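**Q** Got a file for you: run.cif, mmCIF, C-alpha atoms.
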```cif
data_data
loop_
_atom_site.group_PDB
_atom_site.id
_atom_site.type_symbol
_atom_site.label_atom_id
_atom_site.label_comp_id
_atom_site.auth_asym_id
_atom_site.auth_seq_id
_atom_site.Cartn_x
_atom_site.Cartn_y
_atom_site.Cartn_z
ATOM 1 C CA MET A 1 0.000 0.000 0.000
ATOM 2 C CA LYS A 2 1.309 3.424 -0.956
ATOM 3 C CA LEU A 3 0.485 4.933 2.459
ATOM 4 C CA LYS A 4 2.873 2.466 4.100
ATOM 5 C CA GLU A 5 5.682 3.552 1.758
ATOM 6 C CA ILE A 6 4.966 7.217 2.469
ATOM 7 C CA LEU A 7 4.994 6.685 6.242
ATOM 8 C CA LEU A 8 8.239 4.712 6.144
ATOM 9 C CA SER A 9 10.075 7.329 4.098
ATOM 10 C CA ASP A 10 13.353 8.682 5.469
ATOM 11 C CA ASN A 11 12.074 12.230 4.937
ATOM 12 C CA ILE A 12 8.510 11.732 6.070
ATOM 13 C CA VAL A 13 7.373 15.363 5.880
ATOM 14 C CA LYS A 14 8.583 15.711 2.290
ATOM 15 C CA SER A 15 7.018 12.371 1.421
ATOM 16 C CA ILE A 16 3.673 13.427 2.910
ATOM 17 C CA ASN A 17 3.749 16.833 1.227
ATOM 18 C CA ASP A 18 4.700 15.270 -2.120
ATOM 19 C CA ASN A 19 1.768 12.838 -1.800
ATOM 20 C CA LEU A 20 -0.762 15.048 -0.038
ATOM 21 C CA ASP A 21 -3.364 14.786 -2.825
ATOM 22 C CA TYR A 22 -3.228 10.996 -2.559
ATOM 23 C CA ILE A 23 -3.430 11.076 1.252
ATOM 24 C CA LEU A 24 -6.409 13.448 1.180
ATOM 25 C CA LYS A 25 -8.108 11.182 -1.349
ATOM 26 C CA ILE A 26 -7.833 8.105 0.877
ATOM 27 C CA ILE A 27 -8.161 9.954 4.214
ATOM 28 C CA PRO A 28 -10.306 13.026 3.447
ATOM 29 C CA GLU A 29 -10.779 13.629 7.191
ATOM 30 C CA ILE A 30 -7.234 15.060 7.268
ATOM 31 C CA LYS A 31 -8.327 18.153 5.312
ATOM 32 C CA TYR A 32 -10.048 19.457 8.455
ATOM 33 C CA MET A 33 -6.713 19.403 10.310
ATOM 34 C CA ILE A 34 -4.996 21.605 7.734
ATOM 35 C CA GLY A 35 -5.023 25.198 8.942
ATOM 36 C CA PHE A 36 -7.142 24.351 12.015
ATOM 37 C CA ASP A 37 -5.791 26.700 14.685
ATOM 38 C CA HIS A 38 -5.258 25.286 18.162
ATOM 39 C CA ARG A 39 -5.795 28.723 19.723
ATOM 40 C CA HIS A 40 -4.125 27.405 22.856
ATOM 41 C CA PRO A 41 -0.891 28.646 24.492
ATOM 42 C CA HIS A 42 0.592 25.137 24.614
ATOM 43 C CA HIS A 43 0.513 24.996 20.819
ATOM 44 C CA HIS A 44 2.348 27.190 18.340
ATOM 45 C CA LEU A 45 1.244 25.406 15.143
ATOM 46 C CA ASP A 46 -2.066 24.454 13.580
ATOM 47 C CA VAL A 47 -3.218 20.845 14.020
ATOM 48 C CA TRP A 48 -1.755 19.644 10.716
ATOM 49 C CA ASN A 49 1.661 21.268 11.141
ATOM 50 C CA HIS A 50 1.793 20.016 14.732
ATOM 51 C CA THR A 51 1.172 16.509 13.339
ATOM 52 C CA LEU A 52 3.894 16.915 10.704
ATOM 53 C CA LEU A 53 6.389 18.134 13.308
ATOM 54 C CA ALA A 54 5.594 15.162 15.569
ATOM 55 C CA LEU A 55 6.074 12.823 12.587
ATOM 56 C CA SER A 56 9.388 14.467 11.679
ATOM 57 C CA ILE A 57 10.765 13.568 15.129
ATOM 58 C CA SER A 58 9.500 9.977 15.041
ATOM 59 C CA PRO A 59 11.543 6.844 14.438
ATOM 60 C CA CYS A 60 10.872 4.973 11.210
ATOM 61 C CA ASN A 61 8.257 2.620 12.630
ATOM 62 C CA LEU A 62 4.938 2.072 10.851
ATOM 63 C CA GLU A 63 2.790 1.710 13.982
ATOM 64 C CA ILE A 64 4.241 4.821 15.635
ATOM 65 C CA ARG A 65 3.971 6.921 12.493
ATOM 66 C CA LEU A 66 0.447 5.784 11.702
ATOM 67 C CA ALA A 67 -0.654 6.583 15.257
ATOM 68 C CA LEU A 68 1.011 10.006 15.056
ATOM 69 C CA LEU A 69 -0.578 10.753 11.681
ATOM 70 C CA LEU A 70 -4.033 10.148 13.157
ATOM 71 C CA HIS A 71 -3.575 11.053 16.842
ATOM 72 C CA ASP A 72 -5.244 14.476 16.570
ATOM 73 C CA ILE A 73 -7.591 13.833 13.646
ATOM 74 C CA GLY A 74 -10.562 14.316 15.989
ATOM 75 C CA LYS A 75 -9.549 17.793 17.182
ATOM 76 C CA PRO A 76 -11.553 19.734 14.577
ATOM 77 C CA PHE A 77 -14.617 17.763 15.727
ATOM 78 C CA SER A 78 -14.125 18.032 19.483
ATOM 79 C CA TYR A 79 -13.148 21.574 20.379
ATOM 80 C CA GLN A 80 -14.663 23.854 22.985
ATOM 81 C CA ASP A 81 -14.078 27.562 22.511
ATOM 82 C CA GLY A 82 -13.632 29.976 25.381
ATOM 83 C CA ASP A 83 -10.817 32.335 26.249
ATOM 84 C CA ILE A 84 -8.639 29.535 24.936
ATOM 85 C CA ARG A 85 -9.649 26.542 22.850
ATOM 86 C CA HIS A 86 -9.795 23.128 24.507
ATOM 87 C CA PHE A 87 -10.122 19.669 22.982
ATOM 88 C CA HIS A 88 -11.714 17.558 25.688
ATOM 89 C CA ASN A 89 -12.349 13.997 24.541
ATOM 90 C CA HIS A 90 -10.314 14.411 21.340
ATOM 91 C CA PRO A 91 -8.310 11.200 21.963
ATOM 92 C CA ASN A 92 -11.548 9.172 22.030
ATOM 93 C CA ILE A 93 -12.899 10.873 18.925
ATOM 94 C CA SER A 94 -9.538 10.451 17.164
ATOM 95 C CA GLU A 95 -9.515 6.772 18.142
ATOM 96 C CA TYR A 96 -13.034 6.262 16.800
ATOM 97 C CA MET A 97 -12.300 8.080 13.537
ATOM 98 C CA SER A 98 -9.001 6.228 13.112
ATOM 99 C CA ARG A 99 -10.668 2.854 13.530
ATOM 100 C CA GLU A 100 -13.182 3.806 10.825
ATOM 101 C CA ILE A 101 -10.392 5.037 8.525
ATOM 102 C CA LEU A 102 -8.124 2.010 8.997
ATOM 103 C CA ASN A 103 -10.980 -0.436 8.493
ATOM 104 C CA ARG A 104 -12.143 1.476 5.407
ATOM 105 C CA LEU A 105 -8.610 1.341 3.983
ATOM 106 C CA GLU A 106 -8.312 -2.340 4.936
ATOM 107 C CA PHE A 107 -4.950 -1.397 6.445
ATOM 108 C CA ASN A 108 -4.132 -4.923 7.571
ATOM 109 C CA CYS A 109 -0.342 -4.599 7.793
ATOM 110 C CA VAL A 110 -0.743 -3.401 11.407
ATOM 111 C CA ASN A 111 -2.904 -4.382 14.340
ATOM 112 C CA ILE A 112 -5.717 -1.821 14.134
ATOM 113 C CA ASP A 113 -6.673 -2.345 17.791
ATOM 114 C CA ASP A 114 -3.114 -1.541 18.900
ATOM 115 C CA ILE A 115 -2.915 1.585 16.726
ATOM 116 C CA CYS A 116 -6.278 2.798 18.003
ATOM 117 C CA SER A 117 -5.234 2.156 21.597
ATOM 118 C CA LEU A 118 -2.045 4.188 21.074
ATOM 119 C CA ILE A 119 -4.167 7.033 19.676
ATOM 120 C CA LYS A 120 -6.722 6.831 22.485
ATOM 121 C CA TYR A 121 -4.043 6.986 25.185
ATOM 122 C CA HIS A 122 -1.582 9.392 23.552
ATOM 123 C CA ASP A 123 -2.525 12.071 26.119
ATOM 124 C CA THR A 124 -2.900 9.756 29.126
ATOM 125 C CA LYS A 125 -0.157 9.574 31.715
ATOM 126 C CA ILE A 126 1.643 6.251 31.734
ATOM 127 C CA CYS A 127 1.626 4.511 35.086
ATOM 128 C CA LYS A 128 5.176 3.310 35.688
ATOM 129 C CA GLU A 129 3.887 0.168 37.391
ATOM 130 C CA GLU A 130 1.972 -0.844 34.239
ATOM 131 C CA ILE A 131 5.031 -0.757 31.976
ATOM 132 C CA LYS A 132 6.217 -4.207 33.055
ATOM 133 C CA ASN A 133 2.872 -5.733 31.959
ATOM 134 C CA ASN A 134 3.368 -4.773 28.312
ATOM 135 C CA ILE A 135 6.806 -3.275 27.737
ATOM 136 C CA SER A 136 6.503 -3.201 23.932
ATOM 137 C CA TYR A 137 3.196 -1.297 24.000
ATOM 138 C CA TYR A 138 4.315 1.250 26.588
ATOM 139 C CA LYS A 139 7.570 1.837 24.749
ATOM 140 C CA LYS A 140 5.587 2.785 21.625
ATOM 141 C CA LEU A 141 3.190 4.919 23.671
ATOM 142 C CA ALA A 142 6.101 6.719 25.359
ATOM 143 C CA ILE A 143 7.715 7.426 21.982
ATOM 144 C CA ILE A 144 4.417 8.782 20.637
ATOM 145 C CA GLN A 145 4.044 10.990 23.702
ATOM 146 C CA TYR A 146 7.640 12.163 23.246
ATOM 147 C CA CYS A 147 7.091 13.115 19.587
ATOM 148 C CA ASP A 148 3.761 14.756 20.410
ATOM 149 C CA ALA A 149 5.278 16.722 23.305
ATOM 150 C CA LEU A 150 8.171 18.058 21.246
ATOM 151 C CA ALA A 151 5.685 19.318 18.655
ATOM 152 C CA HIS A 152 4.077 21.564 21.301
ATOM 153 C CA ASN A 153 5.035 25.154 22.074
ATOM 154 C CA PRO A 154 8.694 24.925 23.186
ATOM 155 C CA THR A 155 8.131 27.520 25.923
ATOM 156 C CA LYS A 156 5.482 25.317 27.604
ATOM 157 C CA LEU A 157 7.320 21.984 27.777
ATOM 158 C CA GLU A 158 8.825 21.894 31.289
ATOM 159 C CA LYS A 159 6.055 19.805 32.880
ATOM 160 C CA ARG A 160 5.995 17.351 29.939
ATOM 161 C CA ILE A 161 9.777 17.046 29.971
ATOM 162 C CA ASN A 162 9.770 16.105 33.660
ATOM 163 C CA TYR A 163 7.038 13.521 33.035
ATOM 164 C CA LEU A 164 8.837 12.027 30.013
ATOM 165 C CA LEU A 165 12.098 11.818 31.945
ATOM 166 C CA GLU A 166 10.392 9.642 34.543
ATOM 167 C CA ILE A 167 8.823 7.388 31.910
ATOM 168 C CA PHE A 168 11.980 6.973 29.842
ATOM 169 C CA PHE A 169 13.963 6.300 33.012
ATOM 170 C CA SER A 170 11.449 3.568 33.847
ATOM 171 C CA LEU A 171 11.836 2.117 30.350
ATOM 172 C CA LYS A 172 15.628 2.156 30.751
ATOM 173 C CA GLU A 173 15.184 -0.054 33.817
ATOM 174 C CA TYR A 174 13.815 -2.698 31.429
ATOM 175 C CA GLU A 175 16.941 -2.343 29.299
ATOM 176 C CA ILE A 176 15.191 -0.808 26.356
ATOM 177 C CA ASN A 177 18.331 0.637 24.841
ATOM 178 C CA ASP A 178 16.926 2.171 21.673
ATOM 179 C CA ILE A 179 15.206 4.914 23.686
ATOM 180 C CA GLU A 180 18.595 6.076 25.040
ATOM 181 C CA ASN A 181 18.909 8.998 22.581
ATOM 182 C CA MET A 182 15.399 10.218 23.394
ATOM 183 C CA TYR A 183 16.175 10.028 27.091
ATOM 184 C CA LYS A 184 19.398 12.003 26.605
ATOM 185 C CA ASN A 185 17.593 14.575 24.459
ATOM 186 C CA ILE A 186 14.936 15.118 27.134
ATOM 187 C CA LEU A 187 17.644 15.395 29.792
ATOM 188 C CA ARG A 188 19.476 18.037 27.704
ATOM 189 C CA MET A 189 16.219 19.984 27.301
ATOM 190 C CA LYS A 190 15.641 19.901 31.056
ATOM 191 C CA ASN A 191 19.145 21.162 31.764
ATOM 192 C CA ASN A 192 18.925 24.085 29.311
#
```
Write out the structure in this file as structure tokens.
**A**
Amino acid sequence: MKLKEILLSDNIVKSINDNLDYILKIIPEIKYMIGFDHRHPHHHLDVWNHTLLALSISPCNLEIRLALLLHDIGKPFSYQDGDIRHFHNHPNISEYMSREILNRLEFNCVNIDDICSLIKYHDTKICKEEIKNNISYYKKLAIIQYCDALAHNPTKLEKRINYLLEIFFSLKEYEINDIENMYKNILRMKNN
């Protein structure tokens, strides 16, 4: 499937931009993300550019990139306006929409339930005690949360950085070595 090739590209943002017409044809729901302003101080980009930035930070892993592509797809359908815009329940709406999209596309090269779970919980704090029950899943969820966090307003990241440090430290205890660079990057950010 062409979407798989696009998502596994070395330069994912270029690949997506070069194939945007195709992506919008197969996932027309994405068009609502493009130019949709967060209007929230923790965000400095619109929903689509936030998604692209998160993808640009991600490792070349189909499940992680697919979850990141769709993690905020529900935001344009779940916002509450006030002094600042909020997106209560957007992970659930994004999960529901993503399940519909992946089933429609017959995207069978991944476990749709796993992808949808990663989307549903991308904004939920990881309980360190739960990591040992499913190390592989929580590693992917932590990486998604890392990419998502770094695509937020850089001036509002301190709380997220502290949280991610704890989670990545917990993952290191399980000798998950390929998260070492992310851990070091978060540590550098904290110390700056």
**Q** List, as a PyMOL selection string, every residue that the PyMOL selection byres ((chain A and resi 165-175) around 10) selects in the file provided.
**A** chain A and resi 125-129+131-132+135-136+138-139+142-143+146+160-164+176-180+182-187+190
**Q** Between atom CA of A:Ala54 and atom CA of A:Asp37, what is the spacing in Å?
**A**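 That distance, rounded to one decimal, is 16.2 Å.
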**Q** For the PyMOL selection byres ((chain A and resi 5) around 12), applied here, can you spell out every residue it catches as a list in words?
**A**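 With the PyMOL selection byres ((chain A and resi 5) around 12) on this model, the match is Met1, Lys2, Leu3, Lys4, Ile6, Leu7, Leu8, Ser9, Asp10, Asn11, Ile12, Ser15, Ile16, Asn19, Ile23, Cys60, Asn61, Leu62, Arg65, Leu66 and Cys109 of chain A.
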**Q** Name the residues that the PyMOL selection byres ((chain A and resi 115) around 10) pulls out of this structure, and write them as an mmCIF file with C-alpha atoms, in the coordinates of the input.
**A**
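The result, stored in part_7.cif:
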```cif
data_model
loop_
_atom_site.group_PDB
_atom_site.id
_atom_site.type_symbol
_atom_site.label_atom_id
_atom_site.label_comp_id
_atom_site.auth_asym_id
_atom_site.auth_seq_id
_atom_site.Cartn_x
_atom_site.Cartn_y
_atom_site.Cartn_z
ATOM 1 C CA LEU A 62 4.938 2.072 10.851
ATOM 2 C CA GLU A 63 2.790 1.710 13.982
ATOM 3 C CA ILE A 64 4.241 4.821 15.635
ATOM 4 C CA ARG A 65 3.971 6.921 12.493
ATOM 5 C CA LEU A 66 0.447 5.784 11.702
ATOM 6 C CA ALA A 67 -0.654 6.583 15.257
ATOM 7 C CA LEU A 68 1.011 10.006 15.056
ATOM 8 C CA LEU A 70 -4.033 10.148 13.157
ATOM 9 C CA HIS A 71 -3.575 11.053 16.842
ATOM 10 C CA GLU A 95 -9.515 6.772 18.142
ATOM 11 C CA SER A 98 -9.001 6.228 13.112
ATOM 12 C CA ARG A 99 -10.668 2.854 13.530
ATOM 13 C CA LEU A 102 -8.124 2.010 8.997
ATOM 14 C CA VAL A 110 -0.743 -3.401 11.407
ATOM 15 C CA ASN A 111 -2.904 -4.382 14.340
ATOM 16 C CA ILE A 112 -5.717 -1.821 14.134
ATOM 17 C CA ASP A 113 -6.673 -2.345 17.791
ATOM 18 C CA ASP A 114 -3.114 -1.541 18.900
ATOM 19 C CA CYS A 116 -6.278 2.798 18.003
ATOM 20 C CA SER A 117 -5.234 2.156 21.597
ATOM 21 C CA LEU A 118 -2.045 4.188 21.074
ATOM 22 C CA ILE A 119 -4.167 7.033 19.676
ATOM 23 C CA LYS A 120 -6.722 6.831 22.485
ATOM 24 C CA TYR A 137 3.196 -1.297 24.000
ATOM 25 C CA LYS A 140 5.587 2.785 21.625
ATOM 26 C CA LEU A 141 3.190 4.919 23.671
#
```
**Q** Would you kindly return, as a list in words, each protein, DNA or RNA residue with an atom no farther than 8 Å from any atom of A:Asp46, considering all atoms listed in the file and excluding same-chain residues fewer than 6 positions away?
**A**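 With the cut-off at 8 Å, the set is Met33, Ile34, Gly35, Phe36, Asp37 and His38 of chain A.
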**Q** Just to confirm, what's the straight-line distance from atom CA of A:Ala149 to atom CA of A:Glu130 in Å (one decimal)?
**A**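 So the answer is 21.0 Å.
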